[in-house]
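Asks: upload.txt is the file, holding compact mmCIF, C-alpha atoms and all ligand atoms:
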# COMPACT_ATOMS: atom_id res chain seq x y z
CA MET C 49 2.43 24.17 88.69
CA CYS C 50 2.18 22.97 92.32
CA GLY C 51 5.49 24.23 93.73
CA ILE C 52 5.42 27.52 91.92
CA ILE C 53 1.72 28.26 92.19
CA GLY C 54 2.51 31.42 94.13
CA LEU C 55 3.99 32.90 90.99
CA PHE C 56 0.58 32.72 89.35
CA VAL C 57 -1.45 34.77 91.80
CA GLY C 58 -4.16 36.55 89.86
CA CYS C 59 -3.86 34.21 86.89
CA GLU C 60 -7.30 32.76 86.24
CA LEU C 61 -5.71 29.73 84.62
CA ALA C 62 -4.08 28.77 87.89
CA LEU C 63 -7.11 29.00 90.15
CA ALA C 64 -6.24 25.59 91.48
CA CYS C 65 -3.56 23.05 90.97
CA PRO C 66 -5.31 20.51 88.74
CA LYS C 67 -3.52 17.49 90.02
CA GLN C 68 -5.04 16.77 93.40
CA GLN C 69 -8.48 17.50 91.96
CA ILE C 70 -7.93 15.03 89.16
CA LEU C 71 -6.85 12.49 91.71
CA ASN C 72 -10.00 13.08 93.73
CA ALA C 73 -12.30 12.98 90.72
CA VAL C 74 -10.99 9.65 89.56
CA SER C 75 -10.79 8.09 93.00
CA THR C 76 -12.55 4.88 94.00
CA GLU C 77 -16.06 6.07 94.55
CA ASP C 78 -17.76 2.73 93.97
CA THR C 79 -16.69 -0.53 92.34
CA ARG C 80 -13.93 -0.06 89.79
CA PRO C 81 -13.96 -2.17 86.66
CA GLU C 82 -10.80 -4.12 85.86
CA LEU C 83 -7.66 -2.18 84.95
CA ALA C 84 -6.71 -1.75 81.30
CA ASP C 85 -4.14 -4.10 79.84
CA GLU C 86 -0.71 -2.91 80.90
CA SER C 87 0.82 -3.68 77.52
CA TYR C 88 1.49 -0.46 75.66
CA SER C 89 2.89 -0.09 72.19
CA SER C 90 4.47 3.36 72.15
CA PRO C 91 3.70 5.58 69.15
CA PHE C 92 6.87 7.53 70.08
CA ARG C 93 9.49 4.87 69.33
CA SER C 94 11.10 7.03 66.62
CA TRP C 95 10.37 10.36 68.33
CA TYR C 96 14.02 11.41 68.58
CA GLU C 97 14.37 11.06 64.82
CA ARG C 98 10.94 12.13 63.62
CA SER C 99 9.34 14.70 65.89
CA SER C 100 9.20 18.19 64.41
CA VAL C 101 11.12 19.70 67.33
CA ARG C 102 14.02 17.30 66.69
CA SER C 103 13.97 16.96 62.92
CA THR C 104 12.56 19.98 61.10
CA PRO C 105 14.14 23.36 60.35
CA ARG C 106 12.72 26.68 61.45
CA ARG C 107 10.03 27.68 58.95
CA LEU C 108 10.67 31.11 57.44
CA ILE C 109 8.58 33.44 55.32
CA ALA C 110 10.81 34.40 52.39
CA ASP C 111 11.11 37.61 50.34
CA GLU C 112 9.76 35.79 47.29
CA ASP C 113 6.54 34.96 49.16
CA GLU C 114 5.41 38.56 48.69
CA GLY C 115 1.91 38.52 47.21
CA LYS C 116 1.10 34.98 48.33
CA GLN C 117 -1.86 34.21 50.57
CA TYR C 118 -1.52 33.63 54.31
CA PHE C 119 -4.38 31.13 54.48
CA SER C 120 -6.53 29.23 52.00
CA PRO C 121 -9.75 31.18 51.31
CA GLU C 122 -11.67 27.88 51.10
CA LEU C 123 -10.83 27.31 54.77
CA VAL C 124 -12.04 30.75 55.83
CA PRO C 125 -15.80 30.39 55.36
CA VAL C 126 -16.73 34.05 55.89
CA ALA C 127 -14.41 35.00 53.01
CA GLY C 128 -16.96 33.51 50.63
CA HIS C 129 -19.95 35.54 51.93
CA PRO C 130 -21.24 38.11 49.37
CA LEU C 131 -20.97 40.99 51.88
CA VAL C 132 -17.32 40.11 52.46
CA LYS C 133 -16.56 39.52 48.79
CA ALA C 134 -17.82 43.03 48.09
CA LEU C 135 -15.06 44.48 50.30
CA PRO C 136 -11.81 45.77 48.72
CA ALA C 137 -9.19 43.16 47.71
CA GLN C 138 -6.76 44.35 50.39
CA VAL C 139 -9.38 43.73 53.08
CA GLN C 140 -9.88 40.19 51.77
CA ASP C 141 -6.14 39.60 52.17
CA HIS C 142 -6.33 40.96 55.71
CA ILE C 143 -9.18 38.56 56.52
CA LEU C 144 -6.94 35.62 55.55
CA ILE C 145 -4.05 37.03 57.60
CA GLN C 146 -6.31 37.49 60.63
CA HIS C 147 -7.55 33.95 60.22
CA LEU C 148 -3.94 32.74 60.34
CA TYR C 149 -3.38 34.80 63.48
CA ARG C 150 -6.47 33.30 65.12
CA TYR C 151 -5.34 29.81 64.19
CA LEU C 152 -1.83 30.39 65.59
CA ASP C 153 -3.09 32.07 68.75
CA PHE C 154 -5.56 29.22 69.28
CA THR C 155 -2.73 26.71 68.85
CA MET C 156 -0.40 28.43 71.31
CA LYS C 157 -3.01 28.78 74.00
CA LEU C 158 -4.48 25.34 73.57
CA GLU C 159 -1.03 23.72 73.84
CA HIS C 160 0.26 25.80 76.72
CA LEU C 161 -2.83 26.46 78.79
CA VAL C 162 -4.74 23.21 78.43
CA VAL C 163 -2.99 20.27 76.76
CA ASN C 164 0.35 20.57 78.52
CA ARG C 165 -1.31 20.84 81.95
CA THR C 166 -2.78 17.39 81.49
CA VAL C 167 0.38 16.05 79.84
CA LEU C 168 2.44 17.24 82.80
CA ALA C 169 0.05 15.51 85.17
CA ILE C 170 0.43 12.26 83.20
CA ALA C 171 4.23 12.58 83.22
CA TYR C 172 4.23 13.05 86.99
CA ASN C 173 1.59 10.39 87.57
CA THR C 174 -0.76 12.77 89.33
CA THR C 175 -3.86 12.33 87.18
CA GLY C 176 -5.13 9.48 89.32
CA VAL C 177 -5.12 7.28 86.22
CA ASP C 178 -2.66 4.38 86.37
CA VAL C 179 -0.67 4.18 83.15
CA PRO C 180 2.45 2.20 82.19
CA ALA C 181 5.82 3.83 82.93
CA GLN C 182 6.57 4.13 79.20
CA MET C 183 3.39 6.11 78.76
CA ARG C 184 4.53 8.56 81.41
CA LEU C 185 7.90 8.94 79.69
CA ASP C 186 6.10 9.54 76.40
CA ALA C 187 4.13 12.33 78.09
CA HIS C 188 7.45 14.21 78.42
CA LYS C 189 7.85 13.92 74.64
CA ILE C 190 4.35 15.26 74.03
CA TYR C 191 5.14 18.10 76.41
CA CYS C 192 8.17 19.03 74.24
CA ASP C 193 6.10 18.68 71.05
CA GLU C 194 3.34 20.95 72.31
CA ALA C 195 5.77 23.54 73.62
CA TYR C 196 7.43 23.56 70.21
CA HIS C 197 4.05 23.93 68.49
CA GLY C 198 3.50 26.97 70.69
CA LEU C 199 6.92 28.32 69.72
CA PHE C 200 6.61 27.85 65.98
CA SER C 201 3.14 29.39 66.06
CA ALA C 202 4.43 32.45 67.93
CA ASP C 203 7.40 32.64 65.58
CA LEU C 204 5.27 32.46 62.43
CA MET C 205 2.87 35.08 63.80
CA GLU C 206 5.77 37.43 64.52
CA GLN C 207 7.17 36.92 61.01
CA ALA C 208 3.74 37.47 59.42
CA VAL C 209 3.20 40.68 61.40
CA ARG C 210 6.62 41.94 60.36
CA ARG C 211 6.10 41.04 56.69
CA THR C 212 2.52 42.29 56.33
CA GLY C 213 2.34 45.11 58.86
CA VAL C 214 -1.12 43.77 59.80
CA GLN C 215 -1.57 43.78 63.57
CA PRO C 216 -3.41 40.81 65.13
CA LEU C 217 -7.00 41.37 66.32
CA LEU C 218 -7.33 38.69 68.97
CA PRO C 219 -9.64 38.14 71.92
CA ASN C 220 -8.00 38.26 75.36
CA GLN C 221 -9.26 34.82 76.19
CA PRO C 222 -9.47 32.14 73.53
CA TYR C 223 -13.07 31.04 73.06
CA PHE C 224 -12.42 27.33 73.68
CA LEU C 225 -11.08 28.21 77.11
CA ARG C 226 -14.10 30.39 77.85
CA ARG C 227 -16.42 27.55 76.86
CA LEU C 228 -14.45 24.98 78.82
CA HIS C 229 -14.69 27.18 81.91
CA GLU C 230 -18.44 27.63 81.35
CA ILE C 231 -18.93 23.86 81.19
CA GLN C 232 -16.73 23.33 84.26
CA SER C 233 -18.59 25.99 86.25
CA GLN C 234 -21.81 23.98 85.92
CA LEU C 235 -20.19 20.85 87.35
CA GLU C 236 -19.59 19.86 90.93
CA PRO C 237 -15.98 20.81 91.77
CA GLY C 238 -14.79 17.21 91.92
CA LEU C 239 -15.65 16.65 88.27
CA ARG C 240 -13.98 19.76 86.86
CA PRO C 241 -10.50 18.27 86.41
CA LEU C 242 -12.04 15.21 84.74
CA ALA C 243 -13.77 17.60 82.31
CA GLU C 244 -10.40 19.17 81.49
CA MET C 245 -8.82 15.76 80.95
CA LEU C 246 -11.67 14.75 78.64
CA PHE C 247 -11.35 18.05 76.80
CA VAL C 248 -7.69 17.28 76.13
CA ILE C 249 -8.55 13.78 74.89
CA VAL C 250 -11.20 15.27 72.61
CA SER C 251 -8.94 18.01 71.29
CA GLU C 252 -5.98 15.68 70.73
CA THR C 253 -8.06 13.18 68.81
CA LEU C 254 -9.84 15.88 66.76
CA ILE C 255 -6.86 18.00 66.01
CA SER C 256 -5.25 15.70 63.49
CA ALA C 257 -8.51 15.73 61.53
CA THR C 258 -8.61 19.53 61.51
CA LEU C 259 -4.92 19.84 60.62
CA SER C 260 -5.19 17.70 57.51
CA GLN C 261 -7.29 20.27 55.70
CA LEU C 262 -4.79 22.83 54.41
CA PRO C 263 -4.39 22.09 50.70
CA ASP C 264 -1.09 21.99 48.85
CA GLU C 265 -1.40 25.23 46.90
CA GLU C 266 1.21 27.30 45.09
CA SER C 267 -0.60 30.46 46.09
CA LEU C 268 -0.10 29.84 49.81
CA VAL C 269 2.93 31.12 51.76
CA PRO C 270 5.01 27.89 52.06
CA ALA C 271 5.97 28.48 55.70
CA VAL C 272 2.29 28.38 56.66
CA ARG C 273 1.77 25.02 55.00
CA GLN C 274 5.05 23.68 56.43
CA VAL C 275 4.12 24.67 59.97
CA VAL C 276 0.72 23.03 59.60
CA GLN C 277 2.36 19.89 58.20
CA ASP C 278 4.97 19.77 60.97
CA HIS C 279 2.17 20.04 63.48
CA ALA C 280 0.02 17.39 61.80
CA MET C 281 2.94 14.94 61.79
CA ASP C 282 3.32 15.18 65.56
CA GLU C 283 -0.40 15.18 66.21
CA GLY C 284 -0.80 11.86 64.46
CA ARG C 285 1.28 10.30 67.26
CA HIS C 286 -0.60 12.26 69.91
CA HIS C 287 -3.89 11.00 68.52
CA THR C 288 -2.81 7.39 68.97
CA TYR C 289 -1.49 8.12 72.46
CA PHE C 290 -4.64 9.83 73.70
CA ALA C 291 -6.87 7.11 72.29
CA LEU C 292 -4.84 4.69 74.44
CA PHE C 293 -4.92 7.03 77.41
CA LEU C 294 -8.71 7.15 77.09
CA ARG C 295 -8.82 3.35 77.44
CA HIS C 296 -6.80 3.53 80.64
CA LEU C 297 -8.95 6.34 81.99
CA TYR C 298 -12.26 4.63 81.23
CA SER C 299 -11.20 1.29 82.60
CA GLN C 300 -10.50 3.00 85.92
CA LEU C 301 -13.68 5.08 86.19
CA SER C 302 -16.61 3.90 88.23
CA GLN C 303 -20.00 3.51 86.53
CA THR C 304 -21.13 6.81 88.06
CA GLN C 305 -18.06 8.58 86.77
CA ARG C 306 -18.46 7.01 83.33
CA ARG C 307 -21.97 8.38 83.12
CA ALA C 308 -20.82 11.87 84.14
CA ALA C 309 -17.88 11.72 81.71
CA GLY C 310 -19.97 10.45 78.81
CA LEU C 311 -22.56 13.18 79.25
CA LEU C 312 -19.82 15.81 79.00
CA VAL C 313 -18.15 14.61 75.82
CA PRO C 314 -20.66 15.94 73.23
CA GLN C 315 -20.55 19.39 74.87
CA LEU C 316 -16.76 19.33 74.89
CA ILE C 317 -16.64 18.41 71.21
CA HIS C 318 -18.85 21.37 70.37
CA ALA C 319 -16.90 23.68 72.68
CA PHE C 320 -13.82 22.93 70.66
CA LEU C 321 -15.32 22.99 67.16
CA ASN C 322 -17.98 25.69 67.15
CA PRO C 323 -16.82 28.92 65.48
CA ASP C 324 -15.94 32.04 67.42
CA CYS C 325 -18.64 34.22 65.87
CA SER C 326 -18.12 37.23 68.13
CA ALA C 327 -14.40 37.45 67.25
CA VAL C 328 -15.20 37.28 63.53
CA GLN C 329 -17.94 39.91 63.89
CA SER C 330 -15.58 42.25 65.76
CA GLU C 331 -13.01 41.84 63.03
CA LEU C 332 -15.54 42.47 60.23
CA MET C 333 -16.65 45.68 61.92
CA THR C 334 -13.08 47.00 61.74
CA TYR C 335 -13.45 46.84 57.93
CA GLY C 336 -16.50 49.10 58.03
CA LEU C 337 -19.32 46.56 58.21
CA THR C 338 -22.14 47.53 60.55
CA ARG C 339 -22.86 45.25 63.50
CA ASP C 340 -26.02 44.01 61.78
CA ALA C 341 -24.09 43.19 58.60
CA ALA C 342 -21.35 41.41 60.56
CA VAL C 343 -23.96 39.36 62.42
CA GLN C 344 -25.66 38.58 59.11
CA VAL C 345 -22.36 37.27 57.70
CA THR C 346 -21.73 34.92 60.62
CA GLU C 347 -25.35 33.78 60.88
CA GLU C 348 -25.57 32.99 57.18
CA THR C 349 -22.14 31.36 57.10
CA PHE C 350 -22.33 29.34 60.29
CA THR C 351 -25.89 28.04 60.14
CA PRO C 352 -26.79 25.39 62.75
CA GLY C 353 -26.74 22.78 59.98
CA VAL C 354 -23.24 23.75 58.83
CA VAL C 355 -21.89 23.83 62.39
CA THR C 356 -23.37 20.44 63.28
CA GLN C 357 -22.21 18.82 60.04
CA PHE C 358 -18.68 20.12 60.62
CA ALA C 359 -18.70 18.71 64.15
CA VAL C 360 -19.99 15.36 62.90
CA ASP C 361 -17.37 15.11 60.13
CA THR C 362 -14.45 16.24 62.27
CA SER C 363 -15.26 14.26 65.38
CA ARG C 364 -16.01 10.91 63.75
CA GLN C 365 -12.81 9.31 65.00
CA THR C 366 -13.12 10.84 68.47
CA VAL C 367 -16.68 9.57 68.77
CA ARG C 368 -15.48 6.11 67.71
CA HIS C 369 -12.84 6.10 70.44
CA PHE C 370 -15.44 6.90 73.07
CA ALA C 371 -17.80 4.26 71.69
CA ALA C 372 -14.96 1.71 71.74
CA VAL C 373 -14.42 2.18 75.48
CA GLY C 374 -18.12 1.66 76.11
CA ALA C 375 -19.07 5.29 76.74
CA ARG C 376 -22.22 4.94 74.66
CA ASP C 377 -23.32 1.73 76.33
CA ILE C 378 -25.04 3.92 78.89
CA PRO C 379 -28.39 4.77 77.21
CA GLU C 380 -28.50 8.30 78.64
CA VAL C 381 -25.02 9.02 77.26
CA ASP C 382 -25.90 7.60 73.87
CA GLU C 383 -28.98 9.85 73.78
CA GLU C 384 -26.80 12.86 74.60
CA PHE C 385 -24.48 12.06 71.67
CA LEU C 386 -27.50 11.70 69.38
CA ARG C 387 -29.03 14.92 70.68
CA HIS C 388 -25.82 16.71 69.64
CA GLY C 389 -25.98 15.09 66.20
CA LEU C 390 -23.02 12.81 66.99
FE FE H 401 0.07 20.31 69.13
FE FE H 402 -1.00 17.31 70.56
Output the file's structure as C-alpha cells, nothing else.
Ligand SMILES: [Fe+2]
Ligand SMILES: [Fe+2]
Replies:
Amino acid sequence: MCGIIGLFVGCELALACPKQQILNAVSTEDTRPELADESYSSPFRSWYERSSVRSTPRRLIADEDEGKQYFSPELVPVAGHPLVKALPAQVQDHILIQHLYRYLDFTMKLEHLVVNRTVLAIAYNTTGVDVPAQMRLDAHKIYCDEAYHGLFSADLMEQAVRRTGVQPLLPNQPYFLRRLHEIQSQLEPGLRPLAEMLFVIVSETLISATLSQLPDEESLVPAVRQVVQDHAMDEGRHHTYFALFLRHLYSQLSQTQRRAAGLLVPQLIHAFLNPDCSAVQSELMTYGLTRDAAVQVTEETFTPGVVTQFAVDTSRQTVRHFAAVGARDIPEVDEEFLRHGL
C-alpha cells in the first residue's frame, strides 16, 4: 500500500504501512540465531494446473436448489438451542443463511484486509524475514488465491441474497479484526506488525482444519459445498507454506523477540477461533428474542469449556508448528500456552 497510501486516508486499516514496521520489529536487536536452511520445496509446483482460480468453474446456485439448506445445521451451534428450535421453521432457515453470510464476509475480510497484506510484504521482501526467491514468487500465487477466495465469497453471497431475498446482517468490522487490533494496541508499536504476521501464520495453519468440516450432504446447496471445497484445496498448500515461513521467521528472531512472539500466539489463536457472540445475539433479537434470551442462547451454547475444546481441537496442528520451531522451549511461553488450554 506504500505508494498509494494517500488513497486510504481515513481508512483505519491503513493507519500505517505495515512494511517498514515489520522490518523494524524483526531487526537485529541482539544476537540472531542461525538462518533457516535455504532449501525450499515449493507446495505450489502444480499451482497453474490445480489452484481453484486457474482450474475450477464459477460456482452457481441453481433453480433446482430451491428448498435446500444454505449451511449445515450441525455447524451452526445456536441452531440446536431449545429457544432457537422453538422459533418458526422459516426463521431457522434464515439462521443458516445468516451463518453462511457471516462465514463469507469473514472470508473476504480476512483474505483482503489481513492475509494479503502479509503476503504482499513477503512477495516484495519487505517483511524483514529473509526467504528464498521461490518463496517470494509463491507469495504472488497465494495473493491470487486469496483474492479469488474473496471474489467467490462475494459472488456466492450475492447469489444467495438474490435467491433467498434474505438481507445480510453483518457487523461493520469483523470481530477477528477488532480482536487483533485490541491485542496490537496493548503492544509496543514495534511489535504490532510482528503480531499481524503471527496472526496470519495462525489463521493460515488453522483455516484448513476449519474448512474440512462441511459434510457432504444432499440437503446442502451444492455451490456452498463446492466453494468450501475449492477454498480448502488451496488452503492445504497455504498451510504448508506458512508452516515453512514460520521456520524462517523464528530462525531470524532474537531470543527477546521469540519470547514476545510466543506469548502472543495463544491470544491470537483465541482471537481467531472464539465465537462472535454479540453478532449472533443481535441477529437473534431480530427474530423476536429478548436480549436476555439471546444472551442465554449464546452463553449456554458457547460455554467456556466448549470454546476452549474447540480451540484445542482446531489449533492442534498450529500449536505443533510453533512447538517445532522451539517456541515452547521458553518456559514462560509454554506456561502461556497451557494457561490457554493449548
Ligand atoms: Fe483463503
Ligand atoms: Fe490462505
Asks: Could you list, as a list in words, every residue within 12 Å of C:Ser330, counting only C-alpha atoms and ignoring same-chain residues fewer than 3 positions away?
Replies: Ile143, Gln146, Leu217, Leu218, Pro219, Asp324, Cys325, Ser326, Ala327, Met333, Thr334, Tyr335, Gly336, Leu337, Thr338, Arg339, Asp340, Ala341, Ala342, Val343, Val345 and Thr346 of chain C
Asks: Can you write out the residues you just picked, keeping C-alpha atoms, as an mmCIF file, keeping the file's coordinate frame?
Replies:
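result_29.cif, freshly written:
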data_model
loop_
_atom_site.group_PDB
_atom_site.id
_atom_site.type_symbol
_atom_site.label_atom_id
_atom_site.label_comp_id
_atom_site.auth_asym_id
_atom_site.auth_seq_id
_atom_site.Cartn_x
_atom_site.Cartn_y
_atom_site.Cartn_z
ATOM 1 C CA ILE C 143 -9.180 38.560 56.520
ATOM 2 C CA GLN C 146 -6.310 37.490 60.630
ATOM 3 C CA LEU C 217 -7.000 41.370 66.320
ATOM 4 C CA LEU C 218 -7.330 38.690 68.970
ATOM 5 C CA PRO C 219 -9.640 38.140 71.920
ATOM 6 C CA ASP C 324 -15.940 32.040 67.420
ATOM 7 C CA CYS C 325 -18.640 34.220 65.870
ATOM 8 C CA SER C 326 -18.120 37.230 68.130
ATOM 9 C CA ALA C 327 -14.400 37.450 67.250
ATOM 10 C CA MET C 333 -16.650 45.680 61.920
ATOM 11 C CA THR C 334 -13.080 47.000 61.740
ATOM 12 C CA TYR C 335 -13.450 46.840 57.930
ATOM 13 C CA GLY C 336 -16.500 49.100 58.030
ATOM 14 C CA LEU C 337 -19.320 46.560 58.210
ATOM 15 C CA THR C 338 -22.140 47.530 60.550
ATOM 16 C CA ARG C 339 -22.860 45.250 63.500
ATOM 17 C CA ASP C 340 -26.020 44.010 61.780
ATOM 18 C CA ALA C 341 -24.090 43.190 58.600
ATOM 19 C CA ALA C 342 -21.350 41.410 60.560
ATOM 20 C CA VAL C 343 -23.960 39.360 62.420
ATOM 21 C CA VAL C 345 -22.360 37.270 57.700
ATOM 22 C CA THR C 346 -21.730 34.920 60.620
#
Asks: So that I can check the surroundings of C:Thr212, please list as a PyMOL selection string every protein, DNA and RNA residue that reaches within 10 Å of it, counting all atoms listed in the file and ignoring chain neighbours fewer than 4 positions away.
Replies: chain C and resi 114-115+118+141-142+145+207-208
Asks: Quick one: residues within 10 Å of ligand FE 402 (chain H), with all atoms listed in the file, as a JSON list (two decimals) with C-alpha atoms, keeping the file's coordinate frame?
Replies:
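Now in selection.json:
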[["chain", "number", "residue", "atom", "x", "y", "z"],
["C", 155, "THR", "CA", -2.73, 26.71, 68.85],
["C", 158, "LEU", "CA", -4.48, 25.34, 73.57],
["C", 159, "GLU", "CA", -1.03, 23.72, 73.84],
["C", 163, "VAL", "CA", -2.99, 20.27, 76.76],
["C", 164, "ASN", "CA", 0.35, 20.57, 78.52],
["C", 167, "VAL", "CA", 0.38, 16.05, 79.84],
["C", 190, "ILE", "CA", 4.35, 15.26, 74.03],
["C", 191, "TYR", "CA", 5.14, 18.10, 76.41],
["C", 193, "ASP", "CA", 6.10, 18.68, 71.05],
["C", 194, "GLU", "CA", 3.34, 20.95, 72.31],
["C", 195, "ALA", "CA", 5.77, 23.54, 73.62],
["C", 197, "HIS", "CA", 4.05, 23.93, 68.49],
["C", 248, "VAL", "CA", -7.69, 17.28, 76.13],
["C", 249, "ILE", "CA", -8.55, 13.78, 74.89],
["C", 251, "SER", "CA", -8.94, 18.01, 71.29],
["C", 252, "GLU", "CA", -5.98, 15.68, 70.73],
["C", 253, "THR", "CA", -8.06, 13.18, 68.81],
["C", 254, "LEU", "CA", -9.84, 15.88, 66.76],
["C", 255, "ILE", "CA", -6.86, 18.00, 66.01],
["C", 256, "SER", "CA", -5.25, 15.70, 63.49],
["C", 279, "HIS", "CA", 2.17, 20.04, 63.48],
["C", 280, "ALA", "CA", 0.02, 17.39, 61.80],
["C", 281, "MET", "CA", 2.94, 14.94, 61.79],
["C", 282, "ASP", "CA", 3.32, 15.18, 65.56],
["C", 283, "GLU", "CA", -0.40, 15.18, 66.21],
["C", 284, "GLY", "CA", -0.80, 11.86, 64.46],
["C", 285, "ARG", "CA", 1.28, 10.30, 67.26],
["C", 286, "HIS", "CA", -0.60, 12.26, 69.91],
["C", 287, "HIS", "CA", -3.89, 11.00, 68.52],
["C", 289, "TYR", "CA", -1.49, 8.12, 72.46],
["C", 290, "PHE", "CA", -4.64, 9.83, 73.70]]
Asks: Identify, on the basis of all atoms listed in the file, every residue whose closest approach to C:Tyr96 does not exceed 12 Å; exclude the query and any residue fewer than 2 positions from it along the same chain; express the result as a short mmCIF file (atom, residue, chain, number, x, y, z; two decimals) with C-alpha atoms, in the coordinates of the input.
Replies:
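Output saved as result14.cif:
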data_model
loop_
_atom_site.label_atom_id
_atom_site.label_comp_id
_atom_site.auth_asym_id
_atom_site.auth_seq_id
_atom_site.Cartn_x
_atom_site.Cartn_y
_atom_site.Cartn_z
CA PRO C 91 3.70 5.58 69.15
CA PHE C 92 6.87 7.53 70.08
CA ARG C 93 9.49 4.87 69.33
CA SER C 94 11.10 7.03 66.62
CA ARG C 98 10.94 12.13 63.62
CA SER C 99 9.34 14.70 65.89
CA SER C 100 9.20 18.19 64.41
CA VAL C 101 11.12 19.70 67.33
CA ARG C 102 14.02 17.30 66.69
CA SER C 103 13.97 16.96 62.92
CA THR C 104 12.56 19.98 61.10
CA ASP C 186 6.10 9.54 76.40
CA LYS C 189 7.85 13.92 74.64
CA ILE C 190 4.35 15.26 74.03
CA CYS C 192 8.17 19.03 74.24
CA ASP C 193 6.10 18.68 71.05
CA ASP C 282 3.32 15.18 65.56
#
Asks: Please measure the separation of atom CA of C:Asn322 and atom CA of C:Leu242, giving the value in Å to one decimal.
Replies: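 Atom-to-atom, atom CA of C:Asn322 and atom CA of C:Leu242 are spaced 21.3 Å apart.
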Asks: Between C:Arg211, C:Arg227, C:Arg364, C:Lys157, which residue has the minimum interatomic distance to ligand FE 401 (chain H), considering all atoms listed in the file?
Replies: C:Lys157
Asks: State, in Å with one decimal place, the distance from atom CA of C:Asp113 to atom CA of C:Val269.
Replies: 5.9 Å
Asks: So which one's closest to ligand FE 401 (chain H), C:Pro125, C:Gly198, C:Pro323, C:Pro237? Using only C-alpha atoms and all ligand atoms, please.
Replies: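 Of C:Pro125, C:Gly198, C:Pro323, C:Pro237, the one nearest ligand FE 401 (chain H) is C:Gly198, counting only C-alpha atoms and all ligand atoms.
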Asks: Missing atoms in stretch 383-388 of chain C should be modelled up to all heavy atoms and reported as a tab-separated table (two decimals), keeping the file's coordinate frame.
Replies:
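Written out: rebuild_16.tsv:
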chain	number	residue	atom	x	y	z
C	383	GLU	N	-27.97	8.85	74.16
C	383	GLU	CA	-28.98	9.85	73.78
C	383	GLU	C	-28.36	11.24	73.69
C	383	GLU	O	-28.71	12.03	72.81
C	383	GLU	CB	-30.11	9.88	74.82
C	383	GLU	CG	-31.15	8.79	74.61
C	383	GLU	CD	-31.98	8.55	75.86
C	383	GLU	OE1	-32.20	9.52	76.63
C	383	GLU	OE2	-32.39	7.39	76.08
C	384	GLU	N	-27.44	11.53	74.60
C	384	GLU	CA	-26.80	12.86	74.60
C	384	GLU	C	-25.95	13.04	73.33
C	384	GLU	O	-25.95	14.11	72.72
C	384	GLU	CB	-25.93	13.01	75.86
C	384	GLU	CG	-25.37	14.39	76.10
C	384	GLU	CD	-26.41	15.46	76.43
C	384	GLU	OE1	-27.61	15.14	76.53
C	384	GLU	OE2	-26.00	16.63	76.55
C	385	PHE	N	-25.25	12.00	72.93
C	385	PHE	CA	-24.48	12.06	71.67
C	385	PHE	C	-25.45	12.31	70.50
C	385	PHE	O	-25.19	13.17	69.65
C	385	PHE	CB	-23.70	10.76	71.43
C	385	PHE	CG	-22.34	10.74	72.07
C	385	PHE	CD1	-22.18	10.54	73.44
C	385	PHE	CD2	-21.19	10.89	71.30
C	385	PHE	CE1	-20.92	10.53	74.03
C	385	PHE	CE2	-19.92	10.85	71.87
C	385	PHE	CZ	-19.78	10.68	73.25
C	386	LEU	N	-26.54	11.56	70.48
C	386	LEU	CA	-27.50	11.70	69.38
C	386	LEU	C	-28.12	13.09	69.38
C	386	LEU	O	-28.30	13.70	68.32
C	386	LEU	CB	-28.58	10.62	69.49
C	386	LEU	CG	-28.10	9.18	69.26
C	386	LEU	CD1	-29.22	8.19	69.58
C	386	LEU	CD2	-27.61	8.98	67.82
C	387	ARG	N	-28.42	13.59	70.57
C	387	ARG	CA	-29.03	14.92	70.68
C	387	ARG	C	-28.11	16.00	70.11
C	387	ARG	O	-28.57	17.01	69.59
C	387	ARG	CB	-29.32	15.21	72.17
C	387	ARG	CG	-30.35	16.29	72.42
C	387	ARG	CD	-30.71	16.36	73.89
C	387	ARG	NE	-29.64	16.85	74.73
C	387	ARG	CZ	-29.29	18.12	74.85
C	387	ARG	NH1	-29.94	19.06	74.20
C	387	ARG	NH2	-28.30	18.48	75.65
C	388	HIS	N	-26.80	15.77	70.19
C	388	HIS	CA	-25.82	16.71	69.64
C	388	HIS	C	-25.48	16.37	68.19
C	388	HIS	O	-24.51	16.89	67.62
C	388	HIS	CB	-24.54	16.73	70.47
C	388	HIS	CG	-24.68	17.52	71.74
C	388	HIS	ND1	-25.29	17.02	72.88
C	388	HIS	CD2	-24.30	18.79	72.04
C	388	HIS	CE1	-25.26	17.95	73.82
C	388	HIS	NE2	-24.67	19.03	73.35
